[in-house]
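Asks: Structure file my_file_31.cif, mmCIF, C-alpha atoms, is pasted below:
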data_start
loop_
_atom_site.label_atom_id
_atom_site.label_comp_id
_atom_site.auth_asym_id
_atom_site.auth_seq_id
_atom_site.Cartn_x
_atom_site.Cartn_y
_atom_site.Cartn_z
CA MET A 93 31.56 78.19 81.27
CA ASN A 94 35.12 78.31 82.63
CA ASN A 95 36.61 81.65 83.62
CA THR A 96 40.35 81.50 83.01
CA ALA A 97 41.74 83.82 80.36
CA ASN A 98 40.56 85.51 77.18
CA PRO A 99 42.25 83.99 74.07
CA PHE A 100 42.97 87.50 72.80
CA GLN A 101 45.75 89.69 74.16
CA SER A 102 43.53 92.76 73.93
CA PHE A 103 39.82 93.44 73.56
CA TRP A 104 40.51 96.14 70.96
CA MET A 105 42.17 94.81 67.83
CA ALA A 106 43.61 96.21 64.61
CA GLY A 107 42.95 94.77 61.17
CA TYR A 108 45.36 95.31 58.28
CA GLU A 109 43.76 95.08 54.85
CA CYS A 110 45.38 92.02 53.29
CA SER A 111 43.18 91.23 50.31
CA ASP A 112 44.94 89.71 47.30
CA LYS A 113 41.79 89.29 45.24
CA LEU A 114 41.26 89.74 41.53
CA ASP A 115 39.31 92.95 41.00
CA ALA A 116 36.44 93.61 38.61
CA ARG A 117 38.94 94.07 35.75
CA ARG A 118 40.64 90.76 36.59
CA GLN A 119 43.69 92.56 37.96
CA ARG A 120 45.39 91.29 41.12
CA VAL A 121 45.45 93.65 44.11
CA ASP A 122 47.97 93.38 46.94
CA PHE A 123 46.90 95.52 49.84
CA ILE A 124 49.62 94.84 52.37
CA ASN A 125 52.01 96.39 49.84
CA ILE A 126 49.65 99.08 48.53
CA THR A 127 49.01 100.36 52.07
CA GLY A 128 52.68 100.10 52.95
CA HIS A 129 51.99 97.76 55.84
CA LEU A 130 54.55 95.16 54.81
CA GLN A 131 57.29 97.78 54.56
CA LEU A 132 56.18 99.72 57.66
CA ILE A 133 55.08 96.84 59.86
CA ASN A 134 57.40 97.82 62.70
CA GLN A 135 56.04 101.37 62.74
CA ASP A 136 52.47 100.12 62.45
CA TYR A 137 52.88 97.82 65.44
CA GLU A 138 54.62 100.53 67.48
CA ASP A 139 51.78 102.95 66.75
CA LEU A 140 49.28 100.54 68.32
CA LYS A 141 50.85 100.87 71.77
CA ALA A 142 49.27 104.26 72.42
CA PHE A 143 45.87 102.58 72.16
CA HIS A 144 46.77 99.43 74.10
CA ILE A 145 46.08 97.27 71.04
CA LYS A 146 47.98 93.99 71.25
CA THR A 147 46.00 91.80 68.84
CA VAL A 148 45.85 92.21 65.05
CA ARG A 149 44.34 90.51 62.02
CA GLU A 150 46.79 89.64 59.24
CA GLY A 151 46.66 87.50 56.10
CA ILE A 152 49.16 85.19 54.41
CA ARG A 153 48.04 86.08 50.83
CA TRP A 154 47.47 82.63 49.38
CA SER A 155 47.91 83.81 45.78
CA PHE A 156 51.44 85.05 46.53
CA VAL A 157 52.61 82.31 48.90
CA GLU A 158 51.70 79.40 46.61
CA THR A 159 54.09 80.11 43.75
CA ALA A 160 53.15 76.88 41.93
CA PRO A 161 50.72 74.10 42.87
CA TYR A 162 51.80 72.79 46.31
CA GLN A 163 54.97 74.92 46.29
CA TYR A 164 55.27 77.79 48.78
CA ASP A 165 57.38 80.84 49.44
CA TRP A 166 56.91 81.76 53.09
CA ARG A 167 59.54 84.50 53.35
CA THR A 168 57.11 87.41 53.67
CA VAL A 169 54.96 85.54 56.19
CA GLU A 170 58.06 84.69 58.22
CA VAL A 171 59.01 88.38 58.33
CA MET A 172 55.53 89.25 59.57
CA ILE A 173 55.50 86.51 62.21
CA GLU A 174 58.88 87.65 63.47
CA ALA A 175 57.61 91.25 63.67
CA GLY A 176 54.70 90.06 65.78
CA ARG A 177 57.04 88.25 68.14
CA ARG A 178 59.42 91.21 68.34
CA HIS A 179 56.63 93.64 69.23
CA GLN A 180 54.70 91.16 71.39
CA ILE A 181 51.70 91.45 69.06
CA GLN A 182 49.22 88.57 68.76
CA GLN A 183 48.47 87.89 65.10
CA LEU A 184 45.21 86.31 63.96
CA TRP A 185 45.75 84.80 60.53
CA ASP A 186 43.54 84.62 57.42
CA ILE A 187 44.57 81.82 55.07
CA CYS A 188 42.40 83.13 52.23
CA HIS A 189 41.27 86.74 52.20
CA PHE A 190 39.41 86.79 48.88
CA GLY A 191 42.45 85.83 46.76
CA TYR A 192 43.00 82.48 45.06
CA PRO A 193 46.14 81.51 43.11
CA ASP A 194 46.20 82.37 39.42
CA GLY A 195 44.19 79.93 37.33
CA LEU A 196 42.41 78.40 40.35
CA THR A 197 38.72 78.91 41.19
CA PRO A 198 36.42 77.33 43.80
CA PHE A 199 34.87 75.24 41.03
CA ASP A 200 38.13 73.46 40.18
CA ALA A 201 38.69 69.91 41.40
CA GLU A 202 42.10 70.94 42.78
CA PHE A 203 40.73 73.86 44.82
CA THR A 204 39.99 71.93 48.01
CA PRO A 205 43.16 69.78 47.97
CA ARG A 206 45.34 72.84 47.38
CA PHE A 207 43.58 74.81 50.08
CA VAL A 208 43.92 71.94 52.55
CA ALA A 209 47.61 71.64 51.68
CA ILE A 210 48.35 75.32 52.31
CA CYS A 211 46.41 75.21 55.60
CA ARG A 212 48.55 72.29 56.69
CA ALA A 213 51.77 73.95 55.51
CA PHE A 214 50.95 77.20 57.30
CA VAL A 215 50.39 75.47 60.64
CA GLN A 216 53.67 73.61 60.28
CA LEU A 217 55.48 76.86 59.48
CA TYR A 218 53.86 78.77 62.30
CA ARG A 219 54.51 76.11 64.91
CA ARG A 220 58.14 75.93 63.86
CA ILE A 221 58.52 79.66 64.60
CA ARG A 222 56.07 80.06 67.47
CA PRO A 223 55.46 76.64 69.00
CA ASP A 224 53.68 77.63 72.20
CA ASP A 225 51.29 80.54 71.71
CA VAL A 226 47.57 80.42 70.96
CA LEU A 227 47.05 80.21 67.19
CA ILE A 228 43.72 81.61 65.96
CA VAL A 229 42.99 81.12 62.27
CA THR A 230 40.28 82.24 59.84
CA PRO A 231 40.43 79.76 56.95
CA ILE A 232 38.45 81.88 54.45
CA ASN A 233 37.33 85.43 55.13
CA GLU A 234 33.68 86.38 54.53
CA VAL A 235 32.50 83.37 52.57
CA SER A 236 29.02 84.89 52.37
CA PHE A 237 30.34 88.06 50.76
CA ILE A 238 32.87 86.61 48.36
CA SER A 239 30.41 83.97 47.15
CA TRP A 240 27.97 86.79 46.40
CA LEU A 241 30.58 89.03 44.77
CA GLY A 242 32.12 86.29 42.65
CA GLY A 243 29.06 84.11 42.18
CA GLU A 244 26.17 86.56 41.81
CA THR A 245 27.62 89.83 40.48
CA GLY A 246 30.71 88.76 38.52
CA GLY A 247 32.85 91.12 40.62
CA THR A 248 35.74 88.73 41.23
CA SER A 249 36.80 85.15 40.58
CA PRO A 250 35.09 83.00 39.37
CA TYR A 251 33.21 85.92 37.70
CA CYS A 252 29.82 84.21 37.68
CA PHE A 253 26.22 85.31 37.85
CA LYS A 254 23.41 83.56 39.73
CA GLN A 255 25.78 80.91 41.06
CA GLY A 256 26.32 82.29 44.55
CA TRP A 257 25.15 79.13 46.28
CA GLU A 258 27.45 76.96 44.19
CA VAL A 259 30.45 79.16 45.05
CA LYS A 260 29.50 79.19 48.74
CA TYR A 261 29.16 75.41 48.82
CA ALA A 262 32.55 74.93 47.17
CA LEU A 263 34.25 77.40 49.52
CA MET A 264 32.73 75.80 52.61
CA ARG A 265 33.84 72.35 51.46
CA ALA A 266 37.41 73.65 51.36
CA TYR A 267 36.96 75.61 54.60
CA ILE A 268 35.76 72.58 56.57
CA GLN A 269 38.45 70.27 55.23
CA GLY A 270 41.03 72.95 55.98
CA VAL A 271 39.88 73.12 59.60
CA ALA A 272 40.10 69.34 59.93
CA ALA A 273 43.61 69.30 58.46
CA MET A 274 44.89 72.06 60.76
CA GLN A 275 43.42 70.52 63.88
CA ALA A 276 44.82 67.12 62.96
CA ILE A 277 48.26 68.71 63.26
CA ASP A 278 47.45 70.85 66.29
CA PRO A 279 44.17 70.18 68.14
CA ASN A 280 44.60 73.43 70.08
CA ILE A 281 44.18 75.70 67.05
CA ARG A 282 41.21 78.04 67.43
CA ILE A 283 38.95 78.80 64.47
CA MET A 284 37.42 82.27 64.13
CA THR A 285 34.78 82.93 61.49
CA THR A 286 34.51 86.39 59.93
CA GLU A 287 31.11 86.70 58.27
CA PRO A 288 29.04 89.79 57.42
CA LEU A 289 26.40 90.74 59.95
CA VAL A 290 23.37 92.09 58.10
CA ASN A 291 19.78 93.11 58.56
CA MET A 292 17.65 92.47 55.49
CA VAL A 293 14.39 94.40 55.51
CA PRO A 294 11.34 94.69 53.26
CA PRO A 295 10.58 97.88 51.32
CA ALA A 296 8.23 100.50 52.70
CA ASN A 297 4.55 99.58 52.46
CA ALA A 298 5.59 95.94 52.24
CA THR A 299 3.26 93.13 51.26
CA GLU A 300 3.20 89.87 53.22
CA GLN A 301 5.33 88.36 50.49
CA ASP A 302 7.87 91.18 50.82
CA ILE A 303 8.09 90.54 54.55
CA ALA A 304 8.55 86.81 54.03
CA ASP A 305 11.21 87.43 51.37
CA ALA A 306 13.10 89.74 53.73
CA GLN A 307 13.01 87.19 56.53
CA TYR A 308 14.38 84.55 54.18
CA ALA A 309 17.10 86.88 52.87
CA HIS A 310 18.03 87.73 56.47
CA SER A 311 18.42 84.06 57.33
CA LEU A 312 20.91 83.46 54.50
CA GLN A 313 23.66 85.21 56.46
CA TYR A 314 23.83 82.16 58.75
CA GLN A 315 24.31 79.55 56.04
CA THR A 316 28.10 79.42 56.23
CA VAL A 317 28.24 78.92 60.01
CA ASP A 318 25.39 76.42 59.78
CA MET A 319 27.47 74.50 57.24
CA LEU A 320 30.60 74.81 59.36
CA SER A 321 28.80 73.47 62.42
CA GLY A 322 27.09 70.61 60.55
CA ARG A 323 23.56 71.99 60.92
CA MET A 324 23.33 72.33 57.15
CA CYS A 325 24.82 70.18 54.38
CA PRO A 326 26.25 67.61 56.83
CA GLU A 327 27.86 65.78 53.91
CA LEU A 328 30.54 68.49 53.97
CA GLY A 329 31.76 67.24 57.34
CA GLY A 330 31.00 70.26 59.50
CA LYS A 331 31.00 69.78 63.27
CA PRO A 332 29.66 71.88 66.16
CA GLU A 333 33.17 72.37 67.53
CA TYR A 334 34.30 73.98 64.27
CA ALA A 335 32.00 76.96 65.04
CA ASP A 336 34.42 78.05 67.73
CA ILE A 337 34.80 81.84 67.92
CA LEU A 338 32.19 83.64 65.81
CA GLY A 339 33.34 86.83 64.14
CA PHE A 340 30.96 89.30 62.52
CA ASN A 341 31.86 92.14 60.16
CA TYR A 342 29.63 95.20 60.41
CA TYR A 343 29.67 98.44 58.41
CA TYR A 344 27.36 101.39 57.86
CA ASN A 345 25.73 99.77 54.83
CA ASN A 346 24.93 96.36 56.34
CA GLN A 347 21.19 96.95 56.68
CA TRP A 348 19.71 96.33 53.24
CA ILE A 349 16.31 96.87 51.66
CA ILE A 350 15.59 93.76 49.61
CA ASN A 351 14.84 94.08 45.89
CA ASP A 352 15.72 97.76 46.17
CA GLY A 353 19.50 97.99 46.15
CA GLY A 354 19.44 100.61 48.88
CA PHE A 355 20.27 100.44 52.55
CA LEU A 356 18.94 102.04 55.70
CA PRO A 357 20.85 105.11 56.91
CA TRP A 358 22.36 104.68 60.35
CA ILE A 359 22.52 108.31 61.56
CA ASP A 360 19.35 109.95 62.94
CA ASN A 361 17.32 106.98 61.83
CA ASP A 362 13.82 106.53 63.24
CA ASP A 363 12.87 103.86 60.69
CA LYS A 364 11.28 100.95 62.56
CA ARG A 365 13.01 98.53 60.21
CA TRP A 366 16.40 99.58 61.56
CA ARG A 367 17.90 97.28 64.20
CA PRO A 368 20.65 98.34 66.60
CA LEU A 369 23.96 96.54 66.35
CA ARG A 370 23.59 95.07 69.85
CA ASP A 371 20.30 93.42 68.81
CA LEU A 372 21.84 91.86 65.69
CA LEU A 373 24.79 90.50 67.66
CA THR A 374 22.52 89.17 70.39
CA GLU A 375 20.49 87.32 67.74
CA ALA A 376 23.65 85.74 66.34
CA TYR A 377 24.93 84.78 69.77
CA GLN A 378 21.63 83.19 70.77
CA ARG A 379 21.57 81.16 67.57
CA TYR A 380 24.90 79.46 68.28
CA ASN A 381 25.68 80.08 71.96
CA ARG A 382 29.32 80.70 71.14
CA PRO A 383 31.53 83.71 71.95
CA ILE A 384 31.40 86.56 69.46
CA VAL A 385 33.82 89.13 68.08
CA ILE A 386 33.25 92.19 65.91
CA THR A 387 35.97 91.19 63.46
CA GLU A 388 35.63 94.19 61.13
CA THR A 389 34.10 97.60 61.59
CA SER A 390 34.87 101.14 60.43
CA HIS A 391 33.40 104.16 58.69
CA SER A 392 34.89 106.39 56.04
CA GLY A 393 35.36 110.15 56.19
CA GLU A 394 34.13 112.63 58.73
CA ASP A 395 31.66 110.28 60.47
CA ARG A 396 34.38 107.96 61.74
CA HIS A 397 34.24 109.24 65.30
CA HIS A 398 30.43 109.04 65.42
CA TRP A 399 30.64 105.43 64.28
CA MET A 400 33.27 104.68 66.92
CA ASN A 401 31.04 106.19 69.61
CA MET A 402 28.24 103.86 68.49
CA ILE A 403 30.54 100.82 68.54
CA GLY A 404 31.64 101.63 72.07
CA GLU A 405 28.08 102.14 73.25
CA HIS A 406 26.79 98.88 71.82
CA SER A 407 29.82 96.85 72.91
CA ALA A 408 29.37 98.05 76.48
CA ALA A 409 25.66 97.25 76.33
CA LEU A 410 26.36 93.69 75.21
CA LEU A 411 28.88 93.14 77.98
CA ALA A 412 26.49 94.58 80.56
CA HIS A 413 23.96 91.95 79.50
CA ASP A 414 26.52 89.15 79.85
CA ILE A 415 26.86 88.53 76.11
CA PRO A 416 30.38 87.10 75.56
CA LEU A 417 31.73 89.75 73.23
CA LEU A 418 35.47 89.03 73.27
CA GLY A 419 36.71 91.91 71.16
CA VAL A 420 36.33 94.55 68.49
CA CYS A 421 38.64 94.78 65.46
CA LEU A 422 39.03 98.18 63.78
CA TYR A 423 39.26 97.29 60.12
CA PRO A 424 41.09 98.77 58.37
CA ILE A 425 43.31 100.33 61.02
CA ILE A 426 45.28 102.20 58.33
CA ASP A 427 43.82 103.86 55.27
CA ARG A 428 43.31 101.87 52.11
CA PRO A 429 42.07 102.55 48.56
CA ASP A 430 39.10 101.08 46.76
CA TRP A 431 39.60 97.58 45.32
CA ASN A 432 38.59 98.67 41.85
CA ASP A 433 40.10 102.18 41.87
CA LEU A 434 43.45 102.43 43.63
CA SER A 435 43.39 106.23 43.35
CA ASP A 436 40.28 106.44 45.56
CA TRP A 437 41.38 106.15 49.21
CA HIS A 438 38.54 105.60 51.69
CA HIS A 439 39.87 107.54 54.72
CA SER A 440 38.39 104.89 56.97
CA GLY A 441 41.38 104.07 59.15
CA LEU A 442 42.57 105.32 62.50
CA TRP A 443 45.55 106.54 60.50
CA ASP A 444 45.00 108.36 57.20
CA ALA A 445 47.20 108.25 54.11
CA PRO A 446 47.46 111.84 52.82
CA LEU A 447 47.43 112.19 49.05
CA PRO A 448 49.33 112.40 46.83
CA LEU A 449 51.53 109.54 47.95
CA PRO A 450 55.26 110.23 48.42
CA ASP A 451 57.66 109.36 45.62
CA ASN A 452 58.58 106.11 47.36
CA GLY A 453 54.92 105.05 47.23
CA LEU A 454 54.68 104.42 50.97
CA PRO A 455 51.61 106.11 52.46
CA GLU A 456 52.27 108.24 55.51
CA ARG A 457 50.48 107.52 58.79
CA VAL A 458 48.54 110.57 59.98
CA LEU A 459 46.39 109.97 63.05
CA ASN A 460 42.77 111.06 62.76
CA GLN A 461 42.36 112.91 66.05
CA ALA A 462 38.55 112.75 66.26
CA TYR A 463 38.57 109.00 65.66
CA ALA A 464 41.39 108.53 68.18
CA THR A 465 39.51 110.45 70.88
CA ALA A 466 36.35 108.44 70.21
CA LEU A 467 38.32 105.20 70.43
CA LEU A 468 39.85 106.14 73.78
CA ASN A 469 36.40 107.06 75.10
CA ALA A 470 35.00 103.74 73.82
CA GLN A 471 37.81 101.88 75.56
CA VAL A 472 36.89 103.52 78.86
CA ARG A 473 33.21 102.71 78.37
CA VAL A 474 33.92 99.06 77.59
CA SER A 475 36.35 98.74 80.48
CA GLN A 476 33.71 100.05 82.86
CA ALA A 477 31.17 97.55 81.51
CA GLN A 478 33.63 94.69 81.99
CA LYS A 479 34.15 95.68 85.63
CA THR A 480 30.50 96.23 86.56
CA ASP A 481 30.34 93.20 88.84
CA GLY A 482 31.28 89.56 89.05
CA HIS A 483 28.35 88.51 86.87
CA HIS A 484 29.23 90.84 84.00
CA GLN A 485 32.68 89.69 83.02
CA ALA A 486 31.83 88.25 79.61
CA GLY A 487 34.57 90.26 77.92
CA ASN A 488 37.19 88.68 80.17
CA LYS A 489 36.05 85.09 79.85
CA PHE A 490 38.05 82.47 78.05
CA ILE A 491 35.52 80.54 76.02
CA GLN A 492 37.08 77.17 75.46
CA PRO A 493 36.59 75.18 72.26
CA ALA A 494 33.23 73.50 72.00
CA SER A 495 32.92 69.75 72.13
CA SER A 496 31.12 67.70 69.51
CA ASN A 497 27.78 68.38 71.14
CA GLY A 498 28.38 72.13 71.30
CA GLU A 499 29.16 72.21 75.03
CA VAL A 500 32.24 73.91 76.38
CA LEU A 501 35.04 71.48 77.15
#
Output the file's structure as structure tokens, nothing else.

Replies:
Amino acid sequence: MNNTANPFQSFWMAGYECSDKLDARRQRVDFINITGHLQLINQDYEDLKAFHIKTVREGIRWSFVETAPYQYDWRTVEVMIEAGRRHQIQQLWDICHFGYPDGLTPFDAEFTPRFVAICRAFVQLYRRIRPDDVLIVTPINEVSFISWLGGETGGTSPYCFKQGWEVKYALMRAYIQGVAAMQAIDPNIRIMTTEPLVNMVPPANATEQDIADAQYAHSLQYQTVDMLSGRMCPELGGKPEYADILGFNYYYNNQWIINDGGFLPWIDNDDKRWRPLRDLLTEAYQRYNRPIVITETSHSGEDRHHWMNMIGEHSAALLAHDIPLLGVCLYPIIDRPDWNDLSDWHHSGLWDAPLPLPDNGLPERVLNQAYATALLNAQVRVSQAQKTDGHHQAGNKFIQPASSNGEVL
């Protein structure tokens, strides 16, 4: 493993909610406008400086950029890219963050060609504006989640039930072809997955069948990366080198009791079924032997600072054990409402949006002091872990793209 430079400008990252999905009522949401991020992007980027955050997750909003099949309006994306350059902020880009263009679903024959085309067009746009920097792209955010939401529960497009696998397969076909198209233009593009990290457990007093069912359910979280890397469904064209930087999204309700609908509480939990975050991330790392990132994590309400303390503790523990954790993304960094009820704000950001909103509709940015203090403490803890000795520098390693056999080039 070569030690040169981390591909991220900062270990701590900020994620701006950019979903443009169709909600449960088939209404389009547009979170970079609802949260005011598009209008206040300069302020948002300036605010990050106090926390030494220089890397952010953004999204292009496929459903807004593609104004008609194969026709694009990049003006908003250009404004955002220019803001990143002006503030010296590294932007990690989602091509699809849950939203598809009107009238298009993963089941349509045109879905993959149109997705490939916008991937190609985005790279050409980006390289025209910023030809030399490292470009890190997530083709489709949380394939595992959106295939469940839209394919199993009817919660978004394509509004299906019991077709989660079919949606996942269709999305990964587009994902893999999108990666191939982008790297054909620019072989140096880095691909970062952003999949949910879960722990699926049996109910209390479980039977042997319950235990087996939980183990199977737990394994399903790896299907998308297995497909991307060619371990599964090789006909889709996945390759080991496509599983480049592995991002995992982790929230307070990511440890589920199968066939129950409930989840294990994370505070004061002595349940033996509960697994610490560091153990779940170590399992994922050992499965693929690729660098990892916590690409989304946050907690709503008054427990935000406790959650941040936990994230700092577990991140430092991973680094101390030479696990290549390259970063942590606080997502969302600014407050956002619920997808299906825009009046219900989660209070999960580092900055809150006090209600009611001002007459101009732009949420204010009010720093949550307890969360901020916990973040600064976590930064110190992680920094100390990174500097322990010469053998524990995983957080500062540049993990180069994998070759076709999974080895580092």

Asks: Leu184 (chain A): which residues within 8 Å, counting all atoms listed in the file, same-chain residues fewer than 5 positions away excluded, as a PyMOL selection string?

Replies: chain A and resi 147-150+227-230

Asks: Which residues fall under the PyMOL selection byres ((chain A and resi 119) around 12) in this file, as a VMD selection string?

Replies: chain A and resid 112 to 118 120 to 122 191 194 247 to 249 431 to 434

Asks: How would the residues just picked look written out with C-alpha atoms as a compact mmCIF listing (two decimals), keeping the file's coordinate frame?

Replies:
# COMPACT_ATOMS: atom_id res chain seq x y z
CA ASP A 112 44.94 89.71 47.30
CA LYS A 113 41.79 89.29 45.24
CA LEU A 114 41.26 89.74 41.53
CA ASP A 115 39.31 92.95 41.00
CA ALA A 116 36.44 93.61 38.61
CA ARG A 117 38.94 94.07 35.75
CA ARG A 118 40.64 90.76 36.59
CA ARG A 120 45.39 91.29 41.12
CA VAL A 121 45.45 93.65 44.11
CA ASP A 122 47.97 93.38 46.94
CA GLY A 191 42.45 85.83 46.76
CA ASP A 194 46.20 82.37 39.42
CA GLY A 247 32.85 91.12 40.62
CA THR A 248 35.74 88.73 41.23
CA SER A 249 36.80 85.15 40.58
CA TRP A 431 39.60 97.58 45.32
CA ASN A 432 38.59 98.67 41.85
CA ASP A 433 40.10 102.18 41.87
CA LEU A 434 43.45 102.43 43.63

Asks: Evaluate the PyMOL selection byres ((chain A and resi 318) around 12) on the structure here and hand back the selected residues as a PyMOL selection string.

Replies: chain A and resi 236+261+264+268+285+287+311-317+319-326+328-335+338+376+379-380

Asks: Just the number, please: distance in Å from CA of Arg282 (chain A) to CA of Trp185 (chain A), one decimal.

Replies: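 Atom-to-atom, CA of Arg282 (chain A) and CA of Trp185 (chain A) are spaced 10.7 Å apart.
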
Asks: Quick check on the file I pasted: which residues fall under the PyMOL selection byres ((chain A and resi 411) around 10)? Write them as an NGL selection string.

Replies: :A and (370 or 406-410 or 412-418 or 474-480 or 484-488)

Asks: Would you export the selected residues with C-alpha atoms as a compact mmCIF listing (two decimals), in the frame of the given file, please?

Replies:
# COMPACT_ATOMS: atom_id res chain seq x y z
CA ARG A 370 23.59 95.07 69.85
CA HIS A 406 26.79 98.88 71.82
CA SER A 407 29.82 96.85 72.91
CA ALA A 408 29.37 98.05 76.48
CA ALA A 409 25.66 97.25 76.33
CA LEU A 410 26.36 93.69 75.21
CA ALA A 412 26.49 94.58 80.56
CA HIS A 413 23.96 91.95 79.50
CA ASP A 414 26.52 89.15 79.85
CA ILE A 415 26.86 88.53 76.11
CA PRO A 416 30.38 87.10 75.56
CA LEU A 417 31.73 89.75 73.23
CA LEU A 418 35.47 89.03 73.27
CA VAL A 474 33.92 99.06 77.59
CA SER A 475 36.35 98.74 80.48
CA GLN A 476 33.71 100.05 82.86
CA ALA A 477 31.17 97.55 81.51
CA GLN A 478 33.63 94.69 81.99
CA LYS A 479 34.15 95.68 85.63
CA THR A 480 30.50 96.23 86.56
CA HIS A 484 29.23 90.84 84.00
CA GLN A 485 32.68 89.69 83.02
CA ALA A 486 31.83 88.25 79.61
CA GLY A 487 34.57 90.26 77.92
CA ASN A 488 37.19 88.68 80.17

Asks: Between A:Val290, A:Trp437, A:Gly393, A:Asp371, which is the closest to Trp348 (chain A) once you count all atoms listed in the file?

Replies: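 Among the listed residues, the smallest separation from Trp348 (chain A) belongs to A:Val290.
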
Asks: Extract, using all atoms listed in the file, all DNA, RNA and protein residues at most 8 Å from Ser102 (chain A), discarding same-chain residues fewer than 6 positions from it, and format them as a PyMOL selection string.

Replies: chain A and resi 144-147+419

Asks: Residues of region 264-309 of chain A that approach region 203-212 of chain A to 12 Å or less, counting only C-alpha atoms: could you list each one with the shortest pair of atoms and its distance in Å to one decimal, rows by chain and increasing residue number, as a Markdown table?

Replies:
| residue | atom | partner | partner_atom | distance |
| --- | --- | --- | --- | --- |
| A:Met264 | CA | A:Thr204 | CA | 9.4 |
| A:Arg265 | CA | A:Thr204 | CA | 7.1 |
| A:Ala266 | CA | A:Thr204 | CA | 4.6 |
| A:Tyr267 | CA | A:Phe207 | CA | 8.1 |
| A:Ile268 | CA | A:Val208 | CA | 9.1 |
| A:Gln269 | CA | A:Val208 | CA | 6.3 |
| A:Gly270 | CA | A:Val208 | CA | 4.6 |
| A:Val271 | CA | A:Cys211 | CA | 7.9 |
| A:Ala272 | CA | A:Val208 | CA | 8.7 |
| A:Ala273 | CA | A:Arg212 | CA | 6.0 |
| A:Met274 | CA | A:Arg212 | CA | 5.5 |
| A:Gln275 | CA | A:Arg212 | CA | 9.0 |
| A:Ala276 | CA | A:Arg212 | CA | 8.9 |
| A:Ile277 | CA | A:Arg212 | CA | 7.5 |
| A:Asp278 | CA | A:Arg212 | CA | 9.8 |
| A:Ile281 | CA | A:Cys211 | CA | 11.7 |

Asks: Please produce a file of those selected residues containing C-alpha atoms, as a PDB file, keeping the file's coordinate frame.

Replies:
ATOM      1  CA  MET A 264      32.730  75.800  52.610  1.00  0.00           C
ATOM      2  CA  ARG A 265      33.840  72.350  51.460  1.00  0.00           C
ATOM      3  CA  ALA A 266      37.410  73.650  51.360  1.00  0.00           C
ATOM      4  CA  TYR A 267      36.960  75.610  54.600  1.00  0.00           C
ATOM      5  CA  ILE A 268      35.760  72.580  56.570  1.00  0.00           C
ATOM      6  CA  GLN A 269      38.450  70.270  55.230  1.00  0.00           C
ATOM      7  CA  GLY A 270      41.030  72.950  55.980  1.00  0.00           C
ATOM      8  CA  VAL A 271      39.880  73.120  59.600  1.00  0.00           C
ATOM      9  CA  ALA A 272      40.100  69.340  59.930  1.00  0.00           C
ATOM     10  CA  ALA A 273      43.610  69.300  58.460  1.00  0.00           C
ATOM     11  CA  MET A 274      44.890  72.060  60.760  1.00  0.00           C
ATOM     12  CA  GLN A 275      43.420  70.520  63.880  1.00  0.00           C
ATOM     13  CA  ALA A 276      44.820  67.120  62.960  1.00  0.00           C
ATOM     14  CA  ILE A 277      48.260  68.710  63.260  1.00  0.00           C
ATOM     15  CA  ASP A 278      47.450  70.850  66.290  1.00  0.00           C
ATOM     16  CA  ILE A 281      44.180  75.700  67.050  1.00  0.00           C
TER      17      ILE A 281
END

Asks: Could you jot down the CA of Ser155 (chain A) to CA of Leu263 (chain A) separation for me, Å, one decimal place?

Replies: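 Separation between CA of Ser155 (chain A) and CA of Leu263 (chain A): 15.5 Å.
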
Asks: Have a look at A:Gln101, A:Tyr137, A:Asn280, A:Pro250 and name the one nearest to Asp200 (chain A); count all atoms listed in the file.

Replies: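 The answer is A:Pro250, which sits nearest to Asp200 (chain A).
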
Asks: If we count only C-alpha atoms, what is near region 302-310 of chain A at a cut-off of 12 Å, once residues fewer than 5 positions away on the same chain are taken out, given as a PDB file with C-alpha atoms, in the frame of the given file?

Replies:
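Written out: part_37.pdb:
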ATOM      1  CA  PRO A 288      29.040  89.790  57.420  1.00  0.00           C
ATOM      2  CA  LEU A 289      26.400  90.740  59.950  1.00  0.00           C
ATOM      3  CA  VAL A 290      23.370  92.090  58.100  1.00  0.00           C
ATOM      4  CA  ASN A 291      19.780  93.110  58.560  1.00  0.00           C
ATOM      5  CA  MET A 292      17.650  92.470  55.490  1.00  0.00           C
ATOM      6  CA  VAL A 293      14.390  94.400  55.510  1.00  0.00           C
ATOM      7  CA  PRO A 294      11.340  94.690  53.260  1.00  0.00           C
ATOM      8  CA  PRO A 295      10.580  97.880  51.320  1.00  0.00           C
ATOM      9  CA  ALA A 296       8.230 100.500  52.700  1.00  0.00           C
ATOM     10  CA  ASN A 297       4.550  99.580  52.460  1.00  0.00           C
ATOM     11  CA  GLN A 315      24.310  79.550  56.040  1.00  0.00           C
ATOM     12  CA  ASN A 346      24.930  96.360  56.340  1.00  0.00           C
ATOM     13  CA  GLN A 347      21.190  96.950  56.680  1.00  0.00           C
ATOM     14  CA  TRP A 348      19.710  96.330  53.240  1.00  0.00           C
ATOM     15  CA  ILE A 349      16.310  96.870  51.660  1.00  0.00           C
ATOM     16  CA  ILE A 350      15.590  93.760  49.610  1.00  0.00           C
ATOM     17  CA  ASN A 351      14.840  94.080  45.890  1.00  0.00           C
ATOM     18  CA  ASP A 352      15.720  97.760  46.170  1.00  0.00           C
ATOM     19  CA  ARG A 365      13.010  98.530  60.210  1.00  0.00           C
ATOM     20  CA  LEU A 372      21.840  91.860  65.690  1.00  0.00           C
ATOM     21  CA  GLU A 375      20.490  87.320  67.740  1.00  0.00           C
ATOM     22  CA  ALA A 376      23.650  85.740  66.340  1.00  0.00           C
TER      23      ALA A 376
END
